[in-house]
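**Q** One file: input_10.csv (CSV, N, CA and C atoms).
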```csv
chain,number,residue,atom,x,y,z
A,143,MET,N,-19.5,4.9,-27.0
A,143,MET,CA,-19.0,5.0,-25.6
A,143,MET,C,-17.5,5.4,-25.6
A,144,ALA,N,-16.7,4.7,-26.4
A,144,ALA,CA,-15.3,5.0,-26.4
A,144,ALA,C,-15.0,6.5,-26.8
A,145,LYS,N,-15.8,7.0,-27.8
A,145,LYS,CA,-15.6,8.4,-28.2
A,145,LYS,C,-15.9,9.3,-27.0
A,146,ASN,N,-16.9,9.0,-26.2
A,146,ASN,CA,-17.2,9.8,-25.0
A,146,ASN,C,-16.1,9.8,-24.0
A,147,LEU,N,-15.5,8.6,-23.8
A,147,LEU,CA,-14.4,8.5,-22.9
A,147,LEU,C,-13.2,9.3,-23.4
A,148,THR,N,-12.9,9.2,-24.7
A,148,THR,CA,-11.8,9.9,-25.3
A,148,THR,C,-12.0,11.4,-25.1
A,149,LEU,N,-13.2,11.9,-25.5
A,149,LEU,CA,-13.5,13.3,-25.4
A,149,LEU,C,-13.6,13.8,-23.9
A,150,SER,N,-14.0,12.9,-23.0
A,150,SER,CA,-13.9,13.3,-21.6
A,150,SER,C,-12.5,13.5,-21.1
A,151,LEU,N,-11.6,12.6,-21.6
A,151,LEU,CA,-10.2,12.7,-21.3
A,151,LEU,C,-9.6,14.0,-21.9
A,152,LEU,N,-10.0,14.3,-23.1
A,152,LEU,CA,-9.5,15.5,-23.8
A,152,LEU,C,-10.0,16.7,-23.1
A,153,LEU,N,-11.2,16.7,-22.5
A,153,LEU,CA,-11.8,17.8,-21.8
A,153,LEU,C,-10.9,18.0,-20.5
A,154,ASP,N,-10.4,17.0,-19.9
A,154,ASP,CA,-9.5,17.2,-18.7
A,154,ASP,C,-8.3,17.9,-19.1
A,155,PHE,N,-7.7,17.6,-20.3
A,155,PHE,CA,-6.5,18.2,-20.7
A,155,PHE,C,-6.7,19.6,-21.3
A,156,TYR,N,-7.7,19.8,-22.1
A,156,TYR,CA,-7.9,21.0,-22.9
A,156,TYR,C,-9.0,21.9,-22.5
A,157,GLY,N,-9.8,21.4,-21.6
A,157,GLY,CA,-11.0,22.2,-21.1
A,157,GLY,C,-10.7,23.6,-20.8
A,158,PRO,N,-9.6,23.9,-20.1
A,158,PRO,CA,-9.3,25.3,-19.7
A,158,PRO,C,-9.0,26.2,-21.0
A,159,LEU,N,-8.8,25.6,-22.1
A,159,LEU,CA,-8.5,26.4,-23.3
A,159,LEU,C,-9.8,26.7,-24.1
A,160,LEU,N,-10.9,26.1,-23.7
A,160,LEU,CA,-12.2,26.3,-24.3
A,160,LEU,C,-12.8,27.6,-23.7
A,161,THR,N,-13.8,28.1,-24.4
A,161,THR,CA,-14.6,29.2,-23.8
A,161,THR,C,-15.4,28.7,-22.6
A,162,GLU,N,-15.8,29.5,-21.8
A,162,GLU,CA,-16.6,29.1,-20.6
A,162,GLU,C,-17.8,28.3,-21.0
A,163,LYS,N,-18.5,28.8,-22.0
A,163,LYS,CA,-19.7,28.2,-22.5
A,163,LYS,C,-19.4,26.8,-23.0
A,164,GLN,N,-18.4,26.7,-23.8
A,164,GLN,CA,-18.0,25.4,-24.4
A,164,GLN,C,-17.6,24.4,-23.3
A,165,ARG,N,-16.8,24.9,-22.4
A,165,ARG,CA,-16.4,24.0,-21.3
A,165,ARG,C,-17.5,23.5,-20.4
A,166,THR,N,-18.5,24.4,-20.1
A,166,THR,CA,-19.6,24.1,-19.3
A,166,THR,C,-20.5,23.0,-20.0
A,167,VAL,N,-20.8,23.3,-21.3
A,167,VAL,CA,-21.6,22.4,-22.1
A,167,VAL,C,-20.9,21.0,-22.2
A,168,ALA,N,-19.7,21.0,-22.5
A,168,ALA,CA,-18.9,19.8,-22.7
A,168,ALA,C,-18.8,19.0,-21.4
A,169,SER,N,-18.6,19.7,-20.3
A,169,SER,CA,-18.6,19.0,-19.0
A,169,SER,C,-19.9,18.4,-18.6
A,170,LEU,N,-21.0,19.1,-18.9
A,170,LEU,CA,-22.3,18.6,-18.6
A,170,LEU,C,-22.6,17.4,-19.4
A,171,TYR,N,-22.2,17.4,-20.7
A,171,TYR,CA,-22.5,16.3,-21.6
A,171,TYR,C,-21.6,15.1,-21.4
A,172,TYR,N,-20.3,15.3,-21.2
A,172,TYR,CA,-19.4,14.2,-21.1
A,172,TYR,C,-19.2,13.7,-19.7
A,173,ASP,N,-19.1,14.6,-18.8
A,173,ASP,CA,-18.8,14.3,-17.4
A,173,ASP,C,-20.1,14.0,-16.6
A,174,GLU,N,-21.1,14.7,-16.8
A,174,GLU,CA,-22.4,14.6,-16.1
A,174,GLU,C,-23.4,13.7,-16.8
A,175,ASP,N,-23.1,13.4,-18.1
A,175,ASP,CA,-24.0,12.6,-18.9
A,175,ASP,C,-25.4,13.1,-19.1
A,176,LEU,N,-25.5,14.5,-19.2
A,176,LEU,CA,-26.8,15.1,-19.4
A,176,LEU,C,-27.1,15.1,-20.9
A,177,SER,N,-28.3,15.0,-21.3
A,177,SER,CA,-28.7,15.1,-22.7
A,177,SER,C,-28.7,16.5,-23.2
A,178,LEU,N,-28.7,16.7,-24.5
A,178,LEU,CA,-28.7,18.1,-25.1
A,178,LEU,C,-29.9,18.9,-24.5
A,179,SER,N,-31.0,18.3,-24.4
A,179,SER,CA,-32.2,18.9,-23.9
A,179,SER,C,-32.0,19.4,-22.5
A,180,GLU,N,-31.5,18.5,-21.7
A,180,GLU,CA,-31.3,18.8,-20.3
A,180,GLU,C,-30.3,20.0,-20.1
A,181,ILE,N,-29.2,19.9,-20.9
A,181,ILE,CA,-28.2,21.0,-20.9
A,181,ILE,C,-28.9,22.3,-21.3
A,182,ALA,N,-29.7,22.3,-22.4
A,182,ALA,CA,-30.3,23.5,-22.9
A,182,ALA,C,-31.2,24.1,-21.8
A,183,GLN,N,-31.9,23.2,-21.1
A,183,GLN,CA,-32.8,23.7,-20.0
A,183,GLN,C,-32.0,24.3,-18.9
A,184,THR,N,-30.9,23.7,-18.4
A,184,THR,CA,-30.1,24.2,-17.3
A,184,THR,C,-29.4,25.5,-17.7
A,185,GLN,N,-28.9,25.6,-18.9
A,185,GLN,CA,-28.2,26.7,-19.4
A,185,GLN,C,-29.0,27.8,-20.0
A,186,GLN,N,-30.3,27.5,-20.1
A,186,GLN,CA,-31.3,28.5,-20.7
A,186,GLN,C,-30.9,29.0,-22.1
A,187,ILE,N,-30.5,28.0,-22.9
A,187,ILE,CA,-30.2,28.2,-24.3
A,187,ILE,C,-30.9,27.1,-25.1
A,188,SER,N,-31.0,27.3,-26.4
A,188,SER,CA,-31.7,26.3,-27.3
A,188,SER,C,-30.9,25.0,-27.4
A,189,ARG,N,-31.6,23.9,-27.7
A,189,ARG,CA,-30.9,22.6,-27.9
A,189,ARG,C,-29.9,22.8,-29.0
A,190,GLN,N,-30.2,23.5,-30.1
A,190,GLN,CA,-29.3,23.7,-31.2
A,190,GLN,C,-28.1,24.5,-30.7
A,191,GLY,N,-28.3,25.4,-29.8
A,191,GLY,CA,-27.1,26.2,-29.3
A,191,GLY,C,-26.2,25.3,-28.5
A,192,VAL,N,-26.8,24.4,-27.8
A,192,VAL,CA,-26.0,23.4,-27.0
A,192,VAL,C,-25.2,22.5,-28.0
A,193,ARG,N,-25.9,22.0,-29.0
A,193,ARG,CA,-25.2,21.2,-30.0
A,193,ARG,C,-24.1,21.9,-30.7
A,194,ASP,N,-24.3,23.1,-31.1
A,194,ASP,CA,-23.3,23.9,-31.8
A,194,ASP,C,-22.1,24.1,-30.8
A,195,ALA,N,-22.3,24.5,-29.6
A,195,ALA,CA,-21.2,24.7,-28.6
A,195,ALA,C,-20.4,23.4,-28.4
A,196,LEU,N,-21.2,22.3,-28.3
A,196,LEU,CA,-20.5,21.0,-28.1
A,196,LEU,C,-19.7,20.6,-29.3
A,197,LYS,N,-20.2,20.8,-30.5
A,197,LYS,CA,-19.4,20.4,-31.7
A,197,LYS,C,-18.2,21.3,-31.8
A,198,ARG,N,-18.3,22.6,-31.5
A,198,ARG,CA,-17.1,23.5,-31.6
A,198,ARG,C,-16.1,23.1,-30.6
A,199,ALA,N,-16.5,22.7,-29.4
A,199,ALA,CA,-15.6,22.3,-28.3
A,199,ALA,C,-14.9,21.0,-28.7
A,200,GLU,N,-15.7,20.0,-29.3
A,200,GLU,CA,-15.1,18.8,-29.7
A,200,GLU,C,-14.1,19.0,-30.8
A,201,GLN,N,-14.4,19.8,-31.8
A,201,GLN,CA,-13.4,20.1,-32.8
A,201,GLN,C,-12.2,20.7,-32.3
A,202,GLN,N,-12.3,21.7,-31.4
A,202,GLN,CA,-11.2,22.4,-30.9
A,202,GLN,C,-10.3,21.4,-30.1
A,203,MET,N,-10.9,20.6,-29.2
A,203,MET,CA,-10.2,19.6,-28.4
A,203,MET,C,-9.4,18.6,-29.3
A,204,LEU,N,-10.1,18.1,-30.3
A,204,LEU,CA,-9.5,17.2,-31.2
A,204,LEU,C,-8.3,17.8,-32.0
A,205,GLU,N,-8.4,19.0,-32.4
A,205,GLU,CA,-7.3,19.7,-33.1
A,205,GLU,C,-6.2,20.0,-32.1
A,206,LEU,N,-6.5,20.3,-30.9
A,206,LEU,CA,-5.4,20.5,-29.9
A,206,LEU,C,-4.7,19.2,-29.6
A,207,GLU,N,-5.4,18.1,-29.5
A,207,GLU,CA,-4.8,16.8,-29.3
A,207,GLU,C,-3.9,16.4,-30.5
A,208,GLN,N,-4.4,16.7,-31.7
A,208,GLN,CA,-3.6,16.4,-32.9
A,208,GLN,C,-2.3,17.2,-32.9
A,209,THR,N,-2.4,18.4,-32.4
A,209,THR,CA,-1.2,19.3,-32.4
A,209,THR,C,-0.3,19.0,-31.3
A,210,LEU,N,-0.8,18.9,-30.1
A,210,LEU,CA,0.0,18.8,-28.8
A,210,LEU,C,0.2,17.3,-28.4
A,211,GLY,N,-0.8,16.5,-28.5
A,211,GLY,CA,-0.7,15.1,-28.1
A,211,GLY,C,-0.6,14.8,-26.7
A,212,LEU,N,-1.1,15.7,-25.8
A,212,LEU,CA,-1.0,15.5,-24.4
A,212,LEU,C,-1.7,14.3,-23.8
A,213,ALA,N,-2.9,14.0,-24.3
A,213,ALA,CA,-3.6,12.8,-23.8
A,213,ALA,C,-3.0,11.5,-24.3
A,214,GLN,N,-2.5,11.5,-25.5
A,214,GLN,CA,-1.8,10.4,-26.0
A,214,GLN,C,-0.5,10.1,-25.2
A,215,ARG,N,0.2,11.2,-24.9
A,215,ARG,CA,1.4,11.0,-24.1
A,215,ARG,C,1.1,10.5,-22.7
A,216,PHE,N,0.0,11.0,-22.1
A,216,PHE,CA,-0.5,10.6,-20.8
A,216,PHE,C,-0.8,9.1,-20.8
A,217,ARG,N,-1.5,8.6,-21.8
A,217,ARG,CA,-1.8,7.2,-21.9
A,217,ARG,C,-0.6,6.3,-22.1
A,218,ALA,N,0.4,6.8,-22.9
A,218,ALA,CA,1.6,6.1,-23.1
A,218,ALA,C,2.4,6.0,-21.8
A,219,ILE,N,2.5,7.1,-21.1
A,219,ILE,CA,3.3,7.1,-19.9
A,219,ILE,C,2.6,6.1,-18.9
A,220,THR,N,1.3,6.2,-18.7
A,220,THR,CA,0.6,5.4,-17.8
A,220,THR,C,0.8,3.9,-18.2
A,221,ALA,N,0.7,3.6,-19.4
A,221,ALA,CA,0.9,2.2,-19.9
A,221,ALA,C,2.3,1.7,-19.6
A,222,GLY,N,3.3,2.6,-19.9
A,222,GLY,CA,4.7,2.3,-19.6
A,222,GLY,C,4.9,2.0,-18.1
A,223,LEU,N,4.3,2.8,-17.3
A,223,LEU,CA,4.5,2.6,-15.8
A,223,LEU,C,3.9,1.3,-15.4
A,224,ASP,N,2.7,1.0,-16.0
A,224,ASP,CA,2.1,-0.3,-15.6
A,224,ASP,C,3.0,-1.5,-16.1
A,225,GLU,N,3.6,-1.4,-17.2
A,225,GLU,CA,4.5,-2.4,-17.7
A,225,GLU,C,5.8,-2.5,-16.9
A,226,ILE,N,6.3,-1.4,-16.4
A,226,ILE,CA,7.5,-1.4,-15.5
A,226,ILE,C,7.1,-2.1,-14.2
A,227,ALA,N,6.0,-1.8,-13.7
A,227,ALA,CA,5.5,-2.5,-12.4
A,227,ALA,C,5.3,-4.0,-12.6
A,228,GLU,N,4.7,-4.4,-13.7
A,228,GLU,CA,4.5,-5.8,-14.0
A,228,GLU,C,5.8,-6.5,-14.1
A,229,THR,N,6.8,-5.9,-14.9
A,229,THR,CA,8.1,-6.5,-15.1
A,229,THR,C,8.8,-6.7,-13.7
A,230,ALA,N,8.8,-5.6,-12.9
A,230,ALA,CA,9.4,-5.7,-11.6
A,230,ALA,C,8.8,-6.8,-10.7
A,231,GLN,N,7.5,-7.0,-10.9
A,231,GLN,CA,6.8,-8.1,-10.1
A,231,GLN,C,7.4,-9.4,-10.5
A,232,VAL,N,7.6,-9.6,-11.8
A,232,VAL,CA,8.2,-10.9,-12.3
A,232,VAL,C,9.6,-11.1,-11.7
A,233,LEU,N,10.4,-10.0,-11.7
A,233,LEU,CA,11.7,-10.1,-11.1
A,233,LEU,C,11.6,-10.5,-9.6
A,234,ALA,N,10.7,-9.8,-8.9
A,234,ALA,CA,10.5,-10.1,-7.5
A,234,ALA,C,10.1,-11.5,-7.2
A,235,ASP,N,9.3,-12.1,-8.1
A,235,ASP,CA,8.9,-13.5,-7.9
A,235,ASP,C,9.9,-14.5,-8.2
A,236,ALA,N,10.9,-14.2,-8.9
A,236,ALA,CA,11.9,-15.2,-9.4
A,236,ALA,C,13.3,-15.0,-9.1
A,237,ALA,N,13.6,-14.1,-8.2
A,237,ALA,CA,15.0,-13.7,-8.0
A,237,ALA,C,15.5,-13.8,-6.6
A,238,ASP,N,16.7,-13.5,-6.4
A,238,ASP,CA,17.3,-13.6,-5.0
A,238,ASP,C,16.8,-12.4,-4.2
A,239,PRO,N,17.1,-12.3,-2.9
A,239,PRO,CA,16.6,-11.3,-2.0
A,239,PRO,C,17.0,-9.8,-2.5
A,240,ALA,N,18.2,-9.7,-2.9
A,240,ALA,CA,18.6,-8.3,-3.4
A,240,ALA,C,17.8,-7.8,-4.6
A,241,VAL,N,17.6,-8.7,-5.5
A,241,VAL,CA,16.8,-8.4,-6.7
A,241,VAL,C,15.3,-8.1,-6.3
A,242,ARG,N,14.8,-8.9,-5.3
A,242,ARG,CA,13.4,-8.7,-4.9
A,242,ARG,C,13.3,-7.3,-4.3
A,243,ILE,N,14.3,-6.9,-3.5
A,243,ILE,CA,14.2,-5.5,-2.9
A,243,ILE,C,14.3,-4.5,-3.9
A,244,ALA,N,15.2,-4.6,-4.9
A,244,ALA,CA,15.2,-3.7,-6.0
A,244,ALA,C,14.0,-3.6,-6.8
A,245,ALA,N,13.4,-4.8,-7.0
A,245,ALA,CA,12.1,-4.9,-7.8
A,245,ALA,C,11.0,-4.2,-7.0
A,246,ALA,N,11.0,-4.3,-5.7
A,246,ALA,CA,9.9,-3.6,-4.9
A,246,ALA,C,10.1,-2.1,-5.0
A,247,GLN,N,11.4,-1.7,-5.0
A,247,GLN,CA,11.6,-0.2,-5.1
A,247,GLN,C,11.2,0.3,-6.5
A,248,ILE,N,11.4,-0.5,-7.5
A,248,ILE,CA,11.0,-0.1,-8.9
A,248,ILE,C,9.5,0.0,-8.9
A,249,ARG,N,8.8,-1.0,-8.4
A,249,ARG,CA,7.3,-1.0,-8.4
A,249,ARG,C,6.8,0.2,-7.6
A,250,GLN,N,7.4,0.5,-6.5
A,250,GLN,CA,7.0,1.7,-5.7
A,250,GLN,C,7.2,3.0,-6.5
A,251,ILE,N,8.4,3.2,-7.1
A,251,ILE,CA,8.6,4.4,-7.9
A,251,ILE,C,7.6,4.5,-9.1
A,252,ALA,N,7.4,3.4,-9.7
A,252,ALA,CA,6.4,3.4,-10.9
A,252,ALA,C,5.0,3.8,-10.4
A,253,ALA,N,4.6,3.3,-9.2
A,253,ALA,CA,3.3,3.6,-8.7
A,253,ALA,C,3.2,5.1,-8.3
A,254,GLU,N,4.3,5.6,-7.7
A,254,GLU,CA,4.3,7.0,-7.3
A,254,GLU,C,4.3,7.9,-8.5
A,255,LEU,N,5.0,7.6,-9.6
A,255,LEU,CA,5.0,8.4,-10.8
A,255,LEU,C,3.6,8.3,-11.5
A,256,LYS,N,3.0,7.1,-11.4
A,256,LYS,CA,1.7,7.0,-12.0
A,256,LYS,C,0.7,7.9,-11.3
A,257,THR,N,0.8,7.9,-10.0
A,257,THR,CA,-0.1,8.7,-9.1
A,257,THR,C,0.1,10.1,-9.4
A,258,LYS,N,1.4,10.6,-9.5
A,258,LYS,CA,1.7,11.9,-9.7
A,258,LYS,C,1.2,12.3,-11.1
A,259,GLU,N,1.3,11.5,-12.1
A,259,GLU,CA,0.9,11.8,-13.5
A,259,GLU,C,-0.6,11.9,-13.6
A,260,THR,N,-1.3,11.1,-12.9
A,260,THR,CA,-2.8,11.1,-12.9
A,260,THR,C,-3.4,12.3,-12.1
A,261,ASP,N,-2.6,12.8,-11.1
A,261,ASP,CA,-3.1,13.9,-10.3
A,261,ASP,C,-2.9,15.2,-10.9
A,262,GLU,N,-2.0,15.3,-11.9
A,262,GLU,CA,-1.7,16.6,-12.5
A,262,GLU,C,-2.6,17.0,-13.6
```
What is this structure when it is put down as structure tokens?

**A**
Amino acid sequence: MAKNLTLSLLLDFYGPLLTEKQRTVASLYYDEDLSLSEIAQTQQISRQGVRDALKRAEQQMLELEQTLGLAQRFRAITAGLDEIAETAQVLADAADPAVRIAAAQIRQIAAELKTKETDE
């Protein structure tokens, strides 16, 4: 299951770099959770053809991630923004009014950046 989530995330980042066939097969498999047989039927190709396209897409996406690291960077930024928001909440709970206001601003900025990062 974790591999599927990882490859689904990689598909979001690197899908446009795959061939149309690879992108379609990978999207149906990882995003729509169709079986190889179901994909073969909808795409009118053999089950082996689906498997081959899927394996090539997986290999290409993993190589791109190893080289570029976009998904890893995304996860690190998202985790960092969550940590910033949590730390700001601790400040807001324990400090004077001026610090609470600043902490609220920090939480808001972190939330906006996280939303912007996930939308792109």

**Q** Name the residues in contact with Gln250 in chain A at a cut-off of 12 Å, using only C-alpha atoms, excluding same-chain residues fewer than 2 positions from it; report them as a list in words.

**A**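 After dropping sequence-adjacent residues, the list is Leu223, Asp224, Ile226, Ala227, Glu228, Ala230, Gln231, Ile243, Ala244, Ala245, Ala246, Gln247, Ile248, Ala252, Ala253, Glu254, Leu255, Lys256 and Thr257 of chain A.
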
**Q** Can you tell me how far CA of Leu210 in chain A sits from CA of Gly222 in chain A, in Å to one decimal?

**A**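 Here the two named atoms are 19.5 Å from each other.
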
**Q** From the set A:Glu200, A:Thr166, A:Ser150, A:Arg193, which residue has the shortest atom-to-atom contact distance to Leu178 in chain A, counting all atoms listed in the file?

**A**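 Closest candidate: A:Arg193.
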
**Q** By how many Å are atom N of Asp235 in chain A and atom N of Arg217 in chain A apart?

**A** 27.1 Å

**Q** State, in Å with one decimal place, the distance from CA of Tyr156 in chain A to CA of Ile181 in chain A.

**A**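 The value is 20.4 Å.
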
**Q** Among range 159-191 of chain A, which ones does DSSP place in alpha helix (DSSP H), written as a PyMOL selection string?

**A** chain A and resi 162-168+178-185+189-191

**Q** Identify, on the basis of all atoms listed in the file, every residue whose closest approach to Leu149 in chain A does not exceed 8 Å; exclude the query and any residue fewer than 5 positions from it along the same chain; express the result as a PyMOL selection string.

**A** chain A and resi 143-144+154-155+168+172-173+200+203-204

**Q** Please determine the residues with any atom at most 5 Å from (-32.0, 21.8, -25.7) (coordinates as given in the file, with all atoms listed in the file counting) and report them as a PDB file with N, CA and C atoms, in the coordinates of the input.

**A**
```pdb
ATOM      1  N   LEU A 178     -28.700  16.700 -24.500  1.00  0.00           N
ATOM      2  CA  LEU A 178     -28.700  18.100 -25.100  1.00  0.00           C
ATOM      3  C   LEU A 178     -29.900  18.900 -24.500  1.00  0.00           C
ATOM      4  N   SER A 179     -31.000  18.300 -24.400  1.00  0.00           N
ATOM      5  CA  SER A 179     -32.200  18.900 -23.900  1.00  0.00           C
ATOM      6  C   SER A 179     -32.000  19.400 -22.500  1.00  0.00           C
ATOM      7  N   ALA A 182     -29.700  22.300 -22.400  1.00  0.00           N
ATOM      8  CA  ALA A 182     -30.300  23.500 -22.900  1.00  0.00           C
ATOM      9  C   ALA A 182     -31.200  24.100 -21.800  1.00  0.00           C
ATOM     10  N   GLN A 183     -31.900  23.200 -21.100  1.00  0.00           N
ATOM     11  CA  GLN A 183     -32.800  23.700 -20.000  1.00  0.00           C
ATOM     12  C   GLN A 183     -32.000  24.300 -18.900  1.00  0.00           C
ATOM     13  N   SER A 188     -31.000  27.300 -26.400  1.00  0.00           N
ATOM     14  CA  SER A 188     -31.700  26.300 -27.300  1.00  0.00           C
ATOM     15  C   SER A 188     -30.900  25.000 -27.400  1.00  0.00           C
ATOM     16  N   ARG A 189     -31.600  23.900 -27.700  1.00  0.00           N
ATOM     17  CA  ARG A 189     -30.900  22.600 -27.900  1.00  0.00           C
ATOM     18  C   ARG A 189     -29.900  22.800 -29.000  1.00  0.00           C
TER      19      ARG A 189
END
```

**Q** Measuring atom to atom with only C-alpha atoms, identify which of A:Val232, A:Leu152, A:Leu147, A:Ile251 is nearest to Arg215 in chain A.

**A**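 Of A:Val232, A:Leu152, A:Leu147, A:Ile251, the one nearest Arg215 in chain A, counting only C-alpha atoms, is A:Leu152.
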
**Q** Of the residues A:Val192, A:Ala236, A:Pro158, A:Lys258, which is the one nearest to Ile219 in chain A, using only C-alpha atoms?

**A**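 Nearest to Ile219 in chain A: A:Lys258.
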